[in-house]
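Undergrad: Structure provided below as structure tokens; questions to follow.
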Amino acid sequence: MTRFASRWSYRFKRPVKARVLSRQRLVGLLLALACAPIVSQQTSSSAATAFAMQSSSTVFAIIGDFGHSPQARRKYGEWAIDPTGDVARLVKSWEPEFIVTTGDNNYYCGEADLIDDNIGQYYHAFISPYLGKYGRGATENRFFPSMGNHDWYAGVGCQPGSSAAPYVSYFSLPGNGRYYHFVRGAVHIFVLSSDLDSEPDGVTESSIQAMWLQSALASSQSPWKLVVFHHPPYSSGIWDVESLAAAWMRWPFQAWGASAVVAGHAHSYERIMIAGFPYFVNGAGGHGTTAFDITPVAGTVVRYNNDLGAMRVIADQATIAFEFITRSGELIDFYKLPASP
Ligand SMILES: [Zn+2]
């Protein structure tokens, strides 16, 4: 193992508390069913599938902390396993219209020599223009990443906040490429750049970036407005003993008109309800899983770190449904919002 592996590799293992967490998840689901009158929740996969069958729906995937190919693992002296490939097969089986990421697209150091192995190997058919070695790209870009801390490690010495040059040159994204927005069907997606060490337009709620978001949300005509970025405002996830939550990203998303926030960074899935507003953590897309604090963060309804997976989102003008599904096909969470009155 190199120093990179020991410093940054979140170990890929099944947590010893799996049974406890599973029971906790069940309790959380039951509590949610009892206490959340404005949302309907279902946990049966048949219900989710029936919902997906509506022809007017937009179906897309959200993946997080995924970009860790066997080539990258080998470079840093790890076993060349491919859980990123497992999640990619799951995601592609949904035939999503597009894919959004919650960051950490290119482990460990955001470097140019691995970015195509870590991303294009799995998702080239969604990227346009695609100039990598894994096959044909899309005719129109359908891959919308956000920047994780590891995507900024590309400078000398693999230091936080040093350079994102390989990421910037690999993708052709709307706006400035760091934060941007786009509309597909009934969904308006706002991708933010949340790295405290790196984002030149700031990451506080009064930053240039935040003012841009507030204005863009106010102008949106879409029924569903999702804000996606890397560092989670709320999370029960920990790395060693430190919380992986990012208090600087607690912007007034709900007051500004957003429908939900989806982040990553913690390598787990979690749904946290704050004043009736959903904050998802979805960072279990391939790198591995991280632990939870023994005490769940306030507002947690579902939390899960037994396995890797991705979110499938299904939206039409009247409703939007969020699922988290593991790479073996288990539905962990199903959460549906009605349109705003
Ligand atoms: Zn991260």
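All residue names refer to the structure tokens as shown: chains lettered A, B, ... in order, residues numbered from 1 in each chain, ligands numbered from 1 in order.
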I'd like to know which residues of region 165-285 of chain A are helix (DSSP H, G or I) (by DSSP, run on the backbone); could you write them as an mmCIF file with N, CA and C atoms, in the first residue's frame?

TA:
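Saved to states-v5.cif:
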```
data_model
loop_
_atom_site.group_PDB
_atom_site.id
_atom_site.type_symbol
_atom_site.label_atom_id
_atom_site.label_comp_id
_atom_site.auth_asym_id
_atom_site.auth_seq_id
_atom_site.Cartn_x
_atom_site.Cartn_y
_atom_site.Cartn_z
ATOM 1 N N ALA A 165 -7.187 20.633 -13.548
ATOM 2 C CA ALA A 165 -6.977 20.742 -15.002
ATOM 3 C C ALA A 165 -7.453 19.515 -15.781
ATOM 4 N N PRO A 166 -7.178 18.288 -15.354
ATOM 5 C CA PRO A 166 -7.666 17.136 -16.135
ATOM 6 C C PRO A 166 -9.191 17.075 -16.204
ATOM 7 N N TYR A 167 -9.858 17.384 -15.113
ATOM 8 C CA TYR A 167 -11.336 17.403 -15.089
ATOM 9 C C TYR A 167 -11.856 18.445 -16.063
ATOM 10 N N VAL A 168 -11.280 19.647 -15.989
ATOM 11 C CA VAL A 168 -11.749 20.744 -16.836
ATOM 12 C C VAL A 168 -11.589 20.403 -18.308
ATOM 13 N N SER A 169 -10.479 19.753 -18.669
ATOM 14 C CA SER A 169 -10.272 19.463 -20.089
ATOM 15 C C SER A 169 -11.017 18.206 -20.551
ATOM 16 N N TYR A 170 -11.394 17.331 -19.628
ATOM 17 C CA TYR A 170 -12.080 16.091 -20.010
ATOM 18 C C TYR A 170 -13.539 16.328 -20.382
ATOM 19 N N ILE A 208 -20.377 34.569 -4.578
ATOM 20 C CA ILE A 208 -20.792 34.807 -5.973
ATOM 21 C C ILE A 208 -21.573 33.600 -6.491
ATOM 22 N N GLN A 209 -21.063 32.415 -6.154
ATOM 23 C CA GLN A 209 -21.730 31.187 -6.617
ATOM 24 C C GLN A 209 -23.148 31.064 -6.041
ATOM 25 N N ALA A 210 -23.290 31.379 -4.754
ATOM 26 C CA ALA A 210 -24.603 31.260 -4.114
ATOM 27 C C ALA A 210 -25.591 32.277 -4.692
ATOM 28 N N MET A 211 -25.100 33.477 -4.994
ATOM 29 C CA MET A 211 -25.994 34.483 -5.591
ATOM 30 C C MET A 211 -26.459 34.032 -6.977
ATOM 31 N N TRP A 212 -25.535 33.388 -7.686
ATOM 32 C CA TRP A 212 -25.899 32.814 -8.991
ATOM 33 C C TRP A 212 -27.010 31.768 -8.820
ATOM 34 N N LEU A 213 -26.864 30.904 -7.814
ATOM 35 C CA LEU A 213 -27.874 29.857 -7.594
ATOM 36 C C LEU A 213 -29.223 30.458 -7.232
ATOM 37 N N GLN A 214 -29.200 31.402 -6.320
ATOM 38 C CA GLN A 214 -30.459 32.009 -5.881
ATOM 39 C C GLN A 214 -31.206 32.599 -7.073
ATOM 40 N N SER A 215 -30.470 33.303 -7.915
ATOM 41 C CA SER A 215 -31.069 33.931 -9.090
ATOM 42 C C SER A 215 -31.577 32.873 -10.086
ATOM 43 N N ALA A 216 -30.770 31.840 -10.306
ATOM 44 C CA ALA A 216 -31.166 30.793 -11.264
ATOM 45 C C ALA A 216 -32.391 30.023 -10.768
ATOM 46 N N LEU A 217 -32.449 29.755 -9.463
ATOM 47 C CA LEU A 217 -33.621 29.070 -8.909
ATOM 48 C C LEU A 217 -34.870 29.943 -9.059
ATOM 49 N N ALA A 218 -34.705 31.242 -8.816
ATOM 50 C CA ALA A 218 -35.850 32.156 -8.901
ATOM 51 C C ALA A 218 -36.392 32.230 -10.332
ATOM 52 N N SER A 219 -35.520 32.046 -11.321
ATOM 53 C CA SER A 219 -35.946 32.138 -12.727
ATOM 54 C C SER A 219 -36.501 30.830 -13.271
ATOM 55 N N ALA A 247 -20.690 22.081 7.015
ATOM 56 C CA ALA A 247 -21.620 23.125 7.490
ATOM 57 C C ALA A 247 -21.644 24.337 6.562
ATOM 58 N N TRP A 248 -20.524 24.570 5.833
ATOM 59 C CA TRP A 248 -20.506 25.749 4.952
ATOM 60 C C TRP A 248 -21.500 25.636 3.785
ATOM 61 N N MET A 249 -21.992 24.419 3.534
ATOM 62 C CA MET A 249 -22.955 24.248 2.433
ATOM 63 C C MET A 249 -24.415 24.294 2.909
#
```

Undergrad: Which residues are near ligand 1 in this structure, taking near to mean any atom at most 12 Å from a ligand atom and counting only C-alpha atoms and all ligand atoms? Format them as a PyMOL selection string.

TA: chain A and resi 8-10+64-67+101-110+146-153+160-161+193-196+229-232+237-239+244-246+263-268+281-285+287-290

Undergrad: Within 10 Å of Gln317 (chain A), counting only C-alpha atoms, which residues qualify if same-chain residues fewer than 5 places away don't, as an NGL selection string?

TA: :A and (56-58 or 185-187 or 222-224 or 338-339)

Undergrad: Just the strand (DSSP E) stuff from region 98-201 of chain A, please, per backbone DSSP, written as a PyMOL selection string.

TA: chain A and resi 98-101+143-144+180-184+187-191

Undergrad: Out of A:Ala260, A:Ala61, A:Asp201, A:Pro296, which residue has the shortest atom-to-atom distance to Arg89 (chain A) when counting only C-alpha atoms?

TA: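 Once distances to Arg89 (chain A) are computed over only C-alpha atoms, the minimum belongs to A:Ala61.
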
Undergrad: Would you pick out the contacts of Leu173 (chain A) at 8 Å or less, using only C-alpha atoms, so that residues sharing its chain but fewer than 4 positions from it are not included, and give the list as a list in words?

TA: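 So, after excluding close chain neighbours, the residues are Phe144, Gly177 and Tyr180 of chain A.
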
Undergrad: May I have the residues within 6 Å of Ser128 (chain A) as a list in words, using only C-alpha atoms and disregarding those fewer than 3 positions away in the same chain?

TA: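 These residues fall inside the cut-off: Gly137, Ala138, Glu140 and Asn141 of chain A.
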
Undergrad: Could you list, as a ChimeraX atom specification, every residue within 8 Å of region 96-98 of chain A, counting only C-alpha atoms and ignoring same-chain residues fewer than 2 positions away?

TA: /A:58-61,91-92,94,100,126,142-144

Undergrad: I need the residues from that last selection saved to file as a PDB file, in the first residue's frame (with N, CA and C atoms), if you can.

TA:
```pdb
ATOM      1  N   THR A  58     -39.299  11.309 -17.020  1.00  0.00           N
ATOM      2  CA  THR A  58     -37.859  11.420 -17.250  1.00  0.00           C
ATOM      3  C   THR A  58     -37.168  10.557 -16.204  1.00  0.00           C
ATOM      4  N   VAL A  59     -36.322   9.639 -16.672  1.00  0.00           N
ATOM      5  CA  VAL A  59     -35.601   8.753 -15.758  1.00  0.00           C
ATOM      6  C   VAL A  59     -34.111   9.088 -15.847  1.00  0.00           C
ATOM      7  N   PHE A  60     -33.497   9.375 -14.706  1.00  0.00           N
ATOM      8  CA  PHE A  60     -32.060   9.631 -14.719  1.00  0.00           C
ATOM      9  C   PHE A  60     -31.426   9.049 -13.468  1.00  0.00           C
ATOM     10  N   ALA A  61     -30.100   8.994 -13.492  1.00  0.00           N
ATOM     11  CA  ALA A  61     -29.349   8.388 -12.381  1.00  0.00           C
ATOM     12  C   ALA A  61     -28.457   9.434 -11.720  1.00  0.00           C
ATOM     13  N   VAL A  91     -26.613   1.063 -13.198  1.00  0.00           N
ATOM     14  CA  VAL A  91     -27.095   2.350 -13.725  1.00  0.00           C
ATOM     15  C   VAL A  91     -27.496   2.203 -15.192  1.00  0.00           C
ATOM     16  N   LYS A  92     -26.665   1.551 -15.976  1.00  0.00           N
ATOM     17  CA  LYS A  92     -26.962   1.436 -17.414  1.00  0.00           C
ATOM     18  C   LYS A  92     -28.171   0.535 -17.666  1.00  0.00           C
ATOM     19  N   TRP A  94     -30.842   0.729 -16.216  1.00  0.00           N
ATOM     20  CA  TRP A  94     -32.044   1.578 -16.121  1.00  0.00           C
ATOM     21  C   TRP A  94     -32.278   2.379 -17.402  1.00  0.00           C
ATOM     22  N   VAL A 100     -26.074  12.279 -13.439  1.00  0.00           N
ATOM     23  CA  VAL A 100     -25.501  13.386 -12.681  1.00  0.00           C
ATOM     24  C   VAL A 100     -24.589  12.771 -11.631  1.00  0.00           C
ATOM     25  N   PHE A 126     -22.345   8.245 -22.524  1.00  0.00           N
ATOM     26  CA  PHE A 126     -23.142   9.382 -22.066  1.00  0.00           C
ATOM     27  C   PHE A 126     -22.417  10.709 -22.261  1.00  0.00           C
ATOM     28  N   ARG A 142     -24.769  13.755 -22.041  1.00  0.00           N
ATOM     29  CA  ARG A 142     -25.769  13.269 -21.084  1.00  0.00           C
ATOM     30  C   ARG A 142     -25.111  12.901 -19.752  1.00  0.00           C
ATOM     31  N   PHE A 143     -23.909  13.459 -19.517  1.00  0.00           N
ATOM     32  CA  PHE A 143     -23.167  13.165 -18.291  1.00  0.00           C
ATOM     33  C   PHE A 143     -22.810  14.496 -17.636  1.00  0.00           C
ATOM     34  N   PHE A 144     -23.308  14.699 -16.421  1.00  0.00           N
ATOM     35  CA  PHE A 144     -23.196  15.996 -15.767  1.00  0.00           C
ATOM     36  C   PHE A 144     -22.537  15.829 -14.386  1.00  0.00           C
TER      37      PHE A 144
END
```

Undergrad: List the spatial neighbours of Pro70 (chain A) as a PyMOL selection string - criterion: any atom at most 6 Å away, only C-alpha atoms, same-chain residues fewer than 6 positions off excluded.

TA: chain A and resi 80-82

Undergrad: Residues as selected, C-alpha atoms, written as a PDB file, in the first residue's frame, can you do that?

TA:
```pdb
ATOM      1  CA  ALA A  80      -7.734  -4.498  -8.828  1.00  0.00           C
ATOM      2  CA  ILE A  81     -11.395  -5.045  -7.947  1.00  0.00           C
ATOM      3  CA  ASP A  82     -14.135  -3.290  -9.904  1.00  0.00           C
TER       4      ASP A  82
END
```

Undergrad: Just the number, please: distance in Å from CA of Thr300 (chain A) to CA of Phe280 (chain A), one decimal.

TA: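 Result for CA of Thr300 (chain A) versus CA of Phe280 (chain A): 9.7 Å, one decimal.
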
Undergrad: Interatomic distance between CA of Gln121 (chain A) and CA of Thr84 (chain A)?

TA: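 That distance, rounded to one decimal, is 10.1 Å.
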
Undergrad: Given the choices A:Tyr122, A:Phe292, A:Tyr234, A:Phe253, which gets closest to Ile272 (chain A) if the distance is worked out from only C-alpha atoms?

TA: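 Using only C-alpha atoms, Ile272 (chain A) sits closest to A:Tyr234.
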
Undergrad: Can you tell me how far CA of Pro174 (chain A) sits from CA of Phe324 (chain A), in Å to one decimal?

TA: 27.0 Å
